[in-house]
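Quick notes on the structure that follows.
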Amino acid sequence: MTSIDSIPMERFSYHSLHLSTGLPLLEATQQLVLDHSTGYSMVIDWHQWTIRSATTFTKEELTIVFTLASDWPSYVPYEALMTNEAGERLTTPSQIDDARAARYLETLIAPLKALIETCRMKLQALSLDISEIDQYGYRLTRQGRRGR
């Protein structure tokens, strides 16, 4: 459910999820590593040369997690996450705004919410979570810290 332009051509993508100026999701020596071929994803501690935790995502889930990790610490708007398998957007910002104004946003984003919940359960194995930015989108967070 993300733009095909943002899907990496390489098998692995590496995400540090650490900022010295903010609240890091991982330690400075750790990275989230996503295997775009198998969906196997892990948190690796490069200093200790160990896999701290691991889980497996489906292709659709991995696309969501990759987008959230790539845009972290920013949030990702709903419309950027709502795309079809060809990477074409299913909704536009104006459709989201119209749905929000007409109070049917929850209905419009229901399929995305269901996918986010399955991603959330799997991310918890990595001590990560997904936080909803009230009526705007989602961002990657640390498990147990669902801020808005």
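If you're wondering about the labels, chains in the structure tokens are A, B, ... by order shown, residues count from 1 in each chain, ligands from 1 in order shown.
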
| said: Give me the residues near region 137-142 of chain A as an MDAnalysis selection string, where near means some atom within 9 Å (using only C-alpha atoms) and where sequence neighbours in that chain fewer than 2 positions away do not count. | reply: chainID A and resid 24:26 65 68:69 71:81 116 124 127:135 144:147

| All residues 12 Å or closer to Val33 (chain A), only C-alpha atoms, same chain fewer than 3 positions away omitted, as a PyMOL selection string | chain A and resi 11-17+26+30+36+38-46+51-56+62+65-66+69-70+126

| request: From region 3-129 of chain A, collect each residue whose DSSP state is alpha helix (DSSP H) and return the set as a count of residues only. | output: 44

| task | Would you list, as number ranges by chain, the residues of region 35-82 of chain A that end up in strand (DSSP E or B) under DSSP run on this structure's backbone? | result | A: 35, 40-45, 50-56, 76-77

Next, dump the selected residues to file, keeping only N, CA and C atoms, as a compact mmCIF listing (two decimals), in the first residue's frame.
```txt
# COMPACT_ATOMS: atom_id res chain seq x y z
N ASP A 35 14.09 -7.52 4.89
CA ASP A 35 14.41 -8.34 3.72
C ASP A 35 13.21 -8.27 2.78
N TYR A 40 11.32 -11.41 5.92
CA TYR A 40 11.97 -11.61 7.22
C TYR A 40 12.60 -10.28 7.64
N SER A 41 12.30 -9.87 8.85
CA SER A 41 12.77 -8.57 9.33
C SER A 41 13.31 -8.74 10.74
N MET A 42 14.35 -8.00 11.04
CA MET A 42 15.01 -8.18 12.32
C MET A 42 15.62 -6.88 12.82
N VAL A 43 15.84 -6.84 14.12
CA VAL A 43 16.61 -5.77 14.74
C VAL A 43 17.97 -6.37 15.04
N ILE A 44 18.99 -5.78 14.45
CA ILE A 44 20.37 -6.28 14.62
C ILE A 44 21.16 -5.28 15.47
N ASP A 45 21.89 -5.80 16.42
CA ASP A 45 22.83 -4.99 17.19
C ASP A 45 24.20 -5.22 16.57
N THR A 50 24.59 -9.44 17.06
CA THR A 50 23.48 -10.34 17.39
C THR A 50 22.18 -9.85 16.79
N ILE A 51 21.30 -10.79 16.53
CA ILE A 51 19.93 -10.46 16.14
C ILE A 51 19.15 -10.35 17.44
N ARG A 52 18.66 -9.16 17.72
CA ARG A 52 17.94 -8.91 18.99
C ARG A 52 16.52 -9.47 18.95
N SER A 53 15.87 -9.35 17.79
CA SER A 53 14.51 -9.84 17.62
C SER A 53 14.22 -9.95 16.13
N ALA A 54 13.19 -10.75 15.79
CA ALA A 54 12.87 -10.95 14.38
C ALA A 54 11.39 -11.28 14.22
N THR A 55 10.88 -11.03 13.04
CA THR A 55 9.51 -11.36 12.67
C THR A 55 9.44 -11.42 11.15
N THR A 56 8.33 -11.89 10.62
CA THR A 56 8.15 -11.97 9.17
C THR A 56 6.88 -11.23 8.78
N VAL A 76 3.40 9.36 8.25
CA VAL A 76 3.06 9.12 6.86
C VAL A 76 1.55 9.34 6.72
N PRO A 77 1.13 10.24 5.83
CA PRO A 77 -0.31 10.48 5.67
C PRO A 77 -1.04 9.26 5.12
```

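Note that the spacing between CA of Tyr104 (chain A) and CA of Gln143 (chain A) amounts to 29.2 Å.
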
| said: Report, in Å with one decimal, the straight-line distance from CA of His47 (chain A) to CA of Ile64 (chain A). | reply: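 These atoms are spaced 27.9 Å apart.
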